[in-house]
Amino acid sequence: MNTRIFLWSLILTLSLSCTDLVQASEGRNWNPVASDKLIKLPANIIEKRIQQDFEASPMALHLVELEQQMQGKLSQLKSLQELISQSEGDELIDQRFELVQQKSEYLDLMQETQDLRQNALAKKQRLYESVLGKLRSKKGNASRGEVYQLKQKQEQARQRMQKVLAQVDSSLIHLGLDKRSPYADEFALNLAKVEDLKNAISKHKANASPTLGDVEVTSEEYVRQLLMEASTEQSLLDQEALMFSYMAKLVALDAQALEYEISYGDENTELTQRNRTKPAEVADLFL
Amino acid sequence: MKIILTIATLAILISPNIFANSLFSLENLERERAALLSTQLDSALDLNQRQQKVQTIYRRLVDIERMVLRDDRVTASNSPLAQNAFNKYELTFLVHSSAEKNLPPMSHWMSELQLTTNGILAAKAGHR
């Protein structure tokens, strides 16, 4: 009787687990924020920082625990399957019952893992979107501001001046001012060194642009690529969820079959007809 | 911790001195340009005196125009003086813009303000 009640509750639980349940994971959360400090990091470091933050979160630690429990369950399932192949009679029924129970527990763990992964991925996606939004608004503000416009004008003026530098210098000589000013002398002397320093800065690895493959990309492009990868991961998780629901359905069917078998016997068992007295057999007594 | 402190110290060293007058070079340029124009228009000077003074100012203007164009503090200030200076390149950077047109700075300044010989000769003195 207890076995039957358990099997029916198992079937019900597994049927429910096929639907999208939102598991409450109190105290096992991960709440990343796209802070200004995060935005200031190079894009490739942003990704590492987010991953590092996730790995240190209670959610990730719980995922590791669940993974270990699932590994333990898997080895139990394998040894049970080996035992079943060598058992028969009531022992076989008991072990099949145990197998269905273990499978159900394994699926519970798998569902919790799946929910946590979906949850983490959704948060990561929102975080990347927020980072991208902030990067875009930072870029927009920088290019819309008056200071930016003024700097653009200064840059244009510099380029314009550069074209007539030699001409102005020769006009000084023409005016009899052939000795260069201290400013011009010092500036020319420093200029080569300034260029060397600028080159060293541009080649410095801490100043390097993020790369995708071997191609240098902007921070915005890099974050867009991260969002793309998150979508790919989402799609694969959805597919895994489908596999999980099929596995749950199979365990539910196994449980149902076992319940029928306990109640009504093996499908090969023939129905036994109770002996009844046929009139023809006793008719002679009345003759 | 030491690294953080070093980075913070470096950041302070790298950042421009916020107490410095960010428009210092531009104000110097304005003064020198005004001095050039007033020297050119000073009728009390004879030709030789004017030429000597103009040469000295011209030399200074060459340097200071370059200084302003290379000075990031001027643009970072976003002051109306800086806005106006870069909006009127022809008048602000008189020496370099006049060189583009192969004109003496004074002629270039007058042509930018549309002050022609004919216009001046046709002008009449009177009250407005």
# chains A, B, ... in the order shown; residues from 1 in each chain; ligands from 1

$ select_by_dssp --residues "stretch 23-254 of chain A" --states "strand (DSSP E)" --output "ChimeraX atom specification"
/A:211-212,215-216

$ interface_residues --of "chain B" --to "chain A" --cutoff "6 Å" --atoms "only C-alpha atoms" --output "JSON, numbers by chain"
{"B": [69, 75, 76, 78]}

$ residues_around --residues "B:Asn28" --least-positions-apart "3" --cutoff "10 Å" --atoms "only C-alpha atoms" --output "PyMOL selection string"
chain B and resi 23-25+31-34+60-61+64-65+68

$ write_last_selection --atoms "all heavy atoms" --output "CSV table (one decimal), in the first residue's frame"
chain,number,residue,atom,x,y,z
B,23,LEU,N,43.1,79.0,-18.6
B,23,LEU,CA,43.1,79.9,-19.7
B,23,LEU,C,44.3,80.8,-19.8
B,23,LEU,O,44.4,81.7,-20.6
B,23,LEU,CB,41.8,80.8,-19.7
B,23,LEU,CG,40.5,80.0,-19.8
B,23,LEU,CD1,39.4,80.9,-19.6
B,23,LEU,CD2,40.4,79.4,-21.2
B,24,PHE,N,45.4,80.4,-19.1
B,24,PHE,CA,46.5,81.3,-19.0
B,24,PHE,C,47.2,81.5,-20.4
B,24,PHE,O,47.4,82.7,-20.8
B,24,PHE,CB,47.6,80.6,-18.1
B,24,PHE,CG,48.8,81.4,-17.8
B,24,PHE,CD1,48.7,82.6,-17.1
B,24,PHE,CD2,50.0,81.0,-18.3
B,24,PHE,CE1,49.8,83.4,-16.8
B,24,PHE,CE2,51.2,81.8,-18.1
B,24,PHE,CZ,51.1,83.0,-17.3
B,25,SER,N,47.4,80.4,-21.1
B,25,SER,CA,48.0,80.6,-22.4
B,25,SER,C,47.1,81.4,-23.4
B,25,SER,O,47.6,82.2,-24.2
B,25,SER,CB,48.4,79.2,-23.0
B,25,SER,OG,47.2,78.5,-23.2
B,31,ARG,N,46.4,89.0,-25.3
B,31,ARG,CA,47.2,90.2,-24.9
B,31,ARG,C,48.2,90.5,-26.0
B,31,ARG,O,48.4,91.6,-26.4
B,31,ARG,CB,47.9,90.0,-23.6
B,31,ARG,CG,47.2,90.4,-22.4
B,31,ARG,CD,48.1,90.5,-21.1
B,31,ARG,NE,48.4,89.1,-20.7
B,31,ARG,CZ,47.7,88.4,-19.9
B,31,ARG,NH1,46.6,88.9,-19.4
B,31,ARG,NH2,48.1,87.2,-19.5
B,32,GLU,N,48.9,89.5,-26.5
B,32,GLU,CA,50.0,89.7,-27.5
B,32,GLU,C,49.4,90.1,-28.8
B,32,GLU,O,49.9,91.0,-29.5
B,32,GLU,CB,50.8,88.4,-27.7
B,32,GLU,CG,51.8,88.1,-26.6
B,32,GLU,CD,52.8,89.2,-26.4
B,32,GLU,OE1,53.3,89.8,-27.3
B,32,GLU,OE2,53.0,89.5,-25.2
B,33,ARG,N,48.2,89.5,-29.1
B,33,ARG,CA,47.6,89.9,-30.4
B,33,ARG,C,47.1,91.3,-30.3
B,33,ARG,O,47.3,92.1,-31.3
B,33,ARG,CB,46.4,89.0,-30.7
B,33,ARG,CG,46.0,89.0,-32.2
B,33,ARG,CD,44.9,88.1,-32.5
B,33,ARG,NE,43.7,88.5,-31.9
B,33,ARG,CZ,43.0,87.8,-31.0
B,33,ARG,NH1,43.5,86.6,-30.6
B,33,ARG,NH2,41.9,88.2,-30.5
B,34,ALA,N,46.5,91.7,-29.2
B,34,ALA,CA,46.1,93.1,-29.0
B,34,ALA,C,47.3,94.1,-29.1
B,34,ALA,O,47.2,95.1,-29.7
B,34,ALA,CB,45.4,93.3,-27.6
B,60,ARG,N,56.9,86.3,-30.5
B,60,ARG,CA,56.2,85.8,-29.3
B,60,ARG,C,54.8,85.1,-29.7
B,60,ARG,O,54.4,84.1,-29.2
B,60,ARG,CB,55.9,86.9,-28.3
B,60,ARG,CG,57.1,87.2,-27.5
B,60,ARG,CD,56.7,87.9,-26.1
B,60,ARG,NE,56.1,89.2,-26.3
B,60,ARG,CZ,56.8,90.3,-26.2
B,60,ARG,NH1,58.1,90.3,-25.9
B,60,ARG,NH2,56.2,91.5,-26.3
B,61,LEU,N,54.2,85.8,-30.7
B,61,LEU,CA,52.9,85.2,-31.2
B,61,LEU,C,53.0,83.9,-31.8
B,61,LEU,O,52.1,83.0,-31.6
B,61,LEU,CB,52.2,86.2,-32.1
B,61,LEU,CG,51.2,87.2,-31.6
B,61,LEU,CD1,50.8,88.2,-32.6
B,61,LEU,CD2,50.0,86.6,-30.9
B,64,ILE,N,53.3,81.5,-28.9
B,64,ILE,CA,52.1,81.4,-28.1
B,64,ILE,C,50.9,80.8,-28.8
B,64,ILE,O,50.1,80.1,-28.2
B,64,ILE,CB,51.8,82.7,-27.4
B,64,ILE,CG1,51.1,82.4,-26.1
B,64,ILE,CG2,51.1,83.7,-28.2
B,64,ILE,CD1,51.3,83.5,-25.0
B,65,GLU,N,50.8,81.1,-30.1
B,65,GLU,CA,49.7,80.4,-30.8
B,65,GLU,C,49.9,78.9,-30.8
B,65,GLU,O,48.9,78.2,-30.7
B,65,GLU,CB,49.7,80.9,-32.3
B,65,GLU,CG,49.1,82.3,-32.4
B,65,GLU,CD,49.0,82.8,-33.9
B,65,GLU,OE1,49.2,82.0,-34.8
B,65,GLU,OE2,48.7,84.0,-34.1
B,68,VAL,N,48.9,77.6,-27.4
B,68,VAL,CA,47.4,77.5,-27.2
B,68,VAL,C,46.9,76.2,-27.9
B,68,VAL,O,46.0,75.5,-27.4
B,68,VAL,CB,46.7,78.8,-27.6
B,68,VAL,CG1,45.2,78.6,-27.6
B,68,VAL,CG2,47.1,79.9,-26.7

$ closest_residue --among "B:Leu37, B:Leu26, B:Asp46, B:Ser98" --to "B:Arg66" --atoms "only C-alpha atoms"
B:Leu26

$ atom_distance --atom1 "atom CA of B:Ser38" --atom2 "atom CA of B:His108"
14.9 Å

$ closest_atom_pairs --of "stretch 22-139 of chain A" --to "stretch 215-238 of chain A" --cutoff "12 Å" --atoms "only C-alpha atoms" --output "Markdown table"
| residue | atom | partner | partner_atom | distance |
| --- | --- | --- | --- | --- |
| A:Ile39 | CA | A:Ser219 | CA | 9.8 |
| A:Lys40 | CA | A:Ser219 | CA | 10.4 |
| A:Leu41 | CA | A:Ser219 | CA | 9.6 |
| A:Pro42 | CA | A:Ser219 | CA | 7.1 |
| A:Ala43 | CA | A:Ser219 | CA | 5.0 |
| A:Asn44 | CA | A:Tyr222 | CA | 7.4 |
| A:Ile45 | CA | A:Ser219 | CA | 10.3 |
| A:Ile46 | CA | A:Val223 | CA | 8.8 |
| A:Glu47 | CA | A:Leu226 | CA | 7.9 |
| A:Lys48 | CA | A:Leu226 | CA | 11.3 |
| A:Ile50 | CA | A:Leu226 | CA | 11.4 |
| A:Gln51 | CA | A:Leu226 | CA | 11.8 |
| A:Gln111 | CA | A:Leu237 | CA | 11.5 |
| A:Thr113 | CA | A:Leu237 | CA | 10.8 |
| A:Gln114 | CA | A:Leu237 | CA | 7.6 |
| A:Asp115 | CA | A:Leu237 | CA | 9.7 |
| A:Leu116 | CA | A:Leu237 | CA | 11.0 |
| A:Arg117 | CA | A:Leu237 | CA | 8.0 |
| A:Gln118 | CA | A:Leu237 | CA | 7.2 |
| A:Asn119 | CA | A:Gln234 | CA | 10.4 |
| A:Ala120 | CA | A:Gln234 | CA | 10.4 |
| A:Leu121 | CA | A:Ala230 | CA | 6.9 |
| A:Ala122 | CA | A:Gln234 | CA | 8.3 |
| A:Lys123 | CA | A:Ala230 | CA | 10.3 |
| A:Lys124 | CA | A:Ala230 | CA | 7.7 |
| A:Gln125 | CA | A:Leu227 | CA | 6.3 |
| A:Arg126 | CA | A:Leu227 | CA | 9.2 |
| A:Leu127 | CA | A:Leu227 | CA | 9.5 |
| A:Tyr128 | CA | A:Leu227 | CA | 6.4 |
| A:Glu129 | CA | A:Leu227 | CA | 7.4 |
| A:Ser130 | CA | A:Val223 | CA | 10.1 |
| A:Val131 | CA | A:Val223 | CA | 7.7 |
| A:Leu132 | CA | A:Glu220 | CA | 6.3 |
| A:Gly133 | CA | A:Glu220 | CA | 9.2 |
| A:Lys134 | CA | A:Glu220 | CA | 9.8 |
| A:Leu135 | CA | A:Glu220 | CA | 6.7 |
| A:Arg136 | CA | A:Glu220 | CA | 7.4 |
| A:Ser137 | CA | A:Glu220 | CA | 11.0 |
| A:Lys138 | CA | A:Glu220 | CA | 10.9 |
| A:Lys139 | CA | A:Glu220 | CA | 9.7 |

$ write_last_selection --atoms "N, CA and C atoms" --output "CSV table (one decimal), in the first residue's frame"
chain,number,residue,atom,x,y,z
A,39,ILE,N,32.4,49.4,-15.2
A,39,ILE,CA,32.4,49.9,-16.5
A,39,ILE,C,33.8,50.5,-16.9
A,40,LYS,N,34.5,50.9,-15.9
A,40,LYS,CA,35.8,51.5,-16.2
A,40,LYS,C,36.9,50.5,-16.6
A,41,LEU,N,36.6,49.2,-16.3
A,41,LEU,CA,37.6,48.1,-16.6
A,41,LEU,C,37.6,47.9,-18.1
A,42,PRO,N,38.8,47.3,-18.6
A,42,PRO,CA,38.8,46.9,-20.0
A,42,PRO,C,37.8,45.8,-20.2
A,43,ALA,N,37.2,45.8,-21.4
A,43,ALA,CA,36.0,44.9,-21.7
A,43,ALA,C,36.4,43.4,-21.4
A,44,ASN,N,37.6,43.0,-21.7
A,44,ASN,CA,37.9,41.6,-21.5
A,44,ASN,C,38.1,41.3,-20.0
A,45,ILE,N,38.4,42.3,-19.2
A,45,ILE,CA,38.5,42.2,-17.8
A,45,ILE,C,37.1,42.2,-17.2
A,46,ILE,N,36.2,42.9,-17.8
A,46,ILE,CA,34.8,43.0,-17.3
A,46,ILE,C,34.3,41.5,-17.3
A,47,GLU,N,34.5,40.8,-18.4
A,47,GLU,CA,34.0,39.4,-18.4
A,47,GLU,C,34.6,38.6,-17.3
A,48,LYS,N,35.9,38.7,-17.1
A,48,LYS,CA,36.6,37.9,-16.1
A,48,LYS,C,36.1,38.3,-14.7
A,50,ILE,N,33.2,39.5,-13.9
A,50,ILE,CA,31.8,39.0,-13.7
A,50,ILE,C,31.8,37.5,-13.3
A,51,GLN,N,32.7,36.8,-14.1
A,51,GLN,CA,32.8,35.4,-13.9
A,51,GLN,C,33.3,35.1,-12.5
A,111,GLN,N,16.9,19.4,-11.9
A,111,GLN,CA,16.0,20.5,-12.1
A,111,GLN,C,16.5,21.7,-11.3
A,113,THR,N,19.5,22.4,-10.5
A,113,THR,CA,20.7,22.9,-11.2
A,113,THR,C,20.3,23.7,-12.4
A,114,GLN,N,19.4,23.2,-13.2
A,114,GLN,CA,18.9,23.8,-14.4
A,114,GLN,C,18.3,25.2,-14.1
A,115,ASP,N,17.5,25.2,-13.0
A,115,ASP,CA,16.9,26.5,-12.6
A,115,ASP,C,17.9,27.5,-12.2
A,116,LEU,N,18.9,27.1,-11.5
A,116,LEU,CA,20.0,28.0,-11.0
A,116,LEU,C,20.8,28.5,-12.2
A,117,ARG,N,21.1,27.6,-13.2
A,117,ARG,CA,21.8,28.0,-14.3
A,117,ARG,C,21.1,29.0,-15.2
A,118,GLN,N,19.8,28.8,-15.3
A,118,GLN,CA,18.9,29.7,-16.1
A,118,GLN,C,18.9,31.1,-15.4
A,119,ASN,N,18.7,31.0,-14.1
A,119,ASN,CA,18.7,32.2,-13.3
A,119,ASN,C,20.0,33.0,-13.4
A,120,ALA,N,21.1,32.3,-13.3
A,120,ALA,CA,22.4,33.0,-13.4
A,120,ALA,C,22.6,33.6,-14.8
A,121,LEU,N,22.2,32.8,-15.8
A,121,LEU,CA,22.4,33.3,-17.2
A,121,LEU,C,21.5,34.5,-17.4
A,122,ALA,N,20.3,34.5,-16.9
A,122,ALA,CA,19.4,35.7,-17.1
A,122,ALA,C,20.0,36.9,-16.5
A,123,LYS,N,20.6,36.7,-15.3
A,123,LYS,CA,21.2,37.8,-14.6
A,123,LYS,C,22.5,38.3,-15.3
A,124,LYS,N,23.2,37.4,-15.9
A,124,LYS,CA,24.4,37.7,-16.6
A,124,LYS,C,24.0,38.5,-17.9
A,125,GLN,N,22.9,38.1,-18.5
A,125,GLN,CA,22.5,38.8,-19.7
A,125,GLN,C,22.1,40.2,-19.4
A,126,ARG,N,21.3,40.4,-18.3
A,126,ARG,CA,20.9,41.7,-17.9
A,126,ARG,C,22.1,42.6,-17.6
A,127,LEU,N,23.1,41.9,-16.9
A,127,LEU,CA,24.3,42.7,-16.5
A,127,LEU,C,25.0,43.2,-17.8
A,128,TYR,N,25.2,42.3,-18.8
A,128,TYR,CA,25.9,42.7,-20.0
A,128,TYR,C,25.1,43.8,-20.7
A,129,GLU,N,23.8,43.7,-20.7
A,129,GLU,CA,23.0,44.7,-21.4
A,129,GLU,C,23.1,46.0,-20.7
A,130,SER,N,23.2,46.0,-19.4
A,130,SER,CA,23.4,47.2,-18.6
A,130,SER,C,24.8,47.8,-18.9
A,131,VAL,N,25.8,46.9,-18.9
A,131,VAL,CA,27.2,47.4,-19.2
A,131,VAL,C,27.2,48.0,-20.6
A,132,LEU,N,26.5,47.4,-21.6
A,132,LEU,CA,26.5,47.9,-23.0
A,132,LEU,C,25.8,49.3,-23.0
A,133,GLY,N,24.7,49.3,-22.3
A,133,GLY,CA,23.9,50.6,-22.2
A,133,GLY,C,24.8,51.7,-21.6
A,134,LYS,N,25.5,51.4,-20.6
A,134,LYS,CA,26.3,52.4,-19.9
A,134,LYS,C,27.5,52.8,-20.8
A,135,LEU,N,28.1,51.8,-21.5
A,135,LEU,CA,29.2,52.1,-22.4
A,135,LEU,C,28.7,53.1,-23.5
A,136,ARG,N,27.5,52.8,-24.1
A,136,ARG,CA,27.0,53.6,-25.1
A,136,ARG,C,26.6,55.0,-24.7
A,137,SER,N,26.1,55.1,-23.4
A,137,SER,CA,25.7,56.4,-23.0
A,137,SER,C,26.9,57.2,-22.6
A,138,LYS,N,28.0,56.5,-22.2
A,138,LYS,CA,29.3,57.2,-21.9
A,138,LYS,C,29.8,57.8,-23.2
A,139,LYS,N,29.8,56.9,-24.2
A,139,LYS,CA,30.3,57.4,-25.5
A,139,LYS,C,29.5,58.5,-26.1
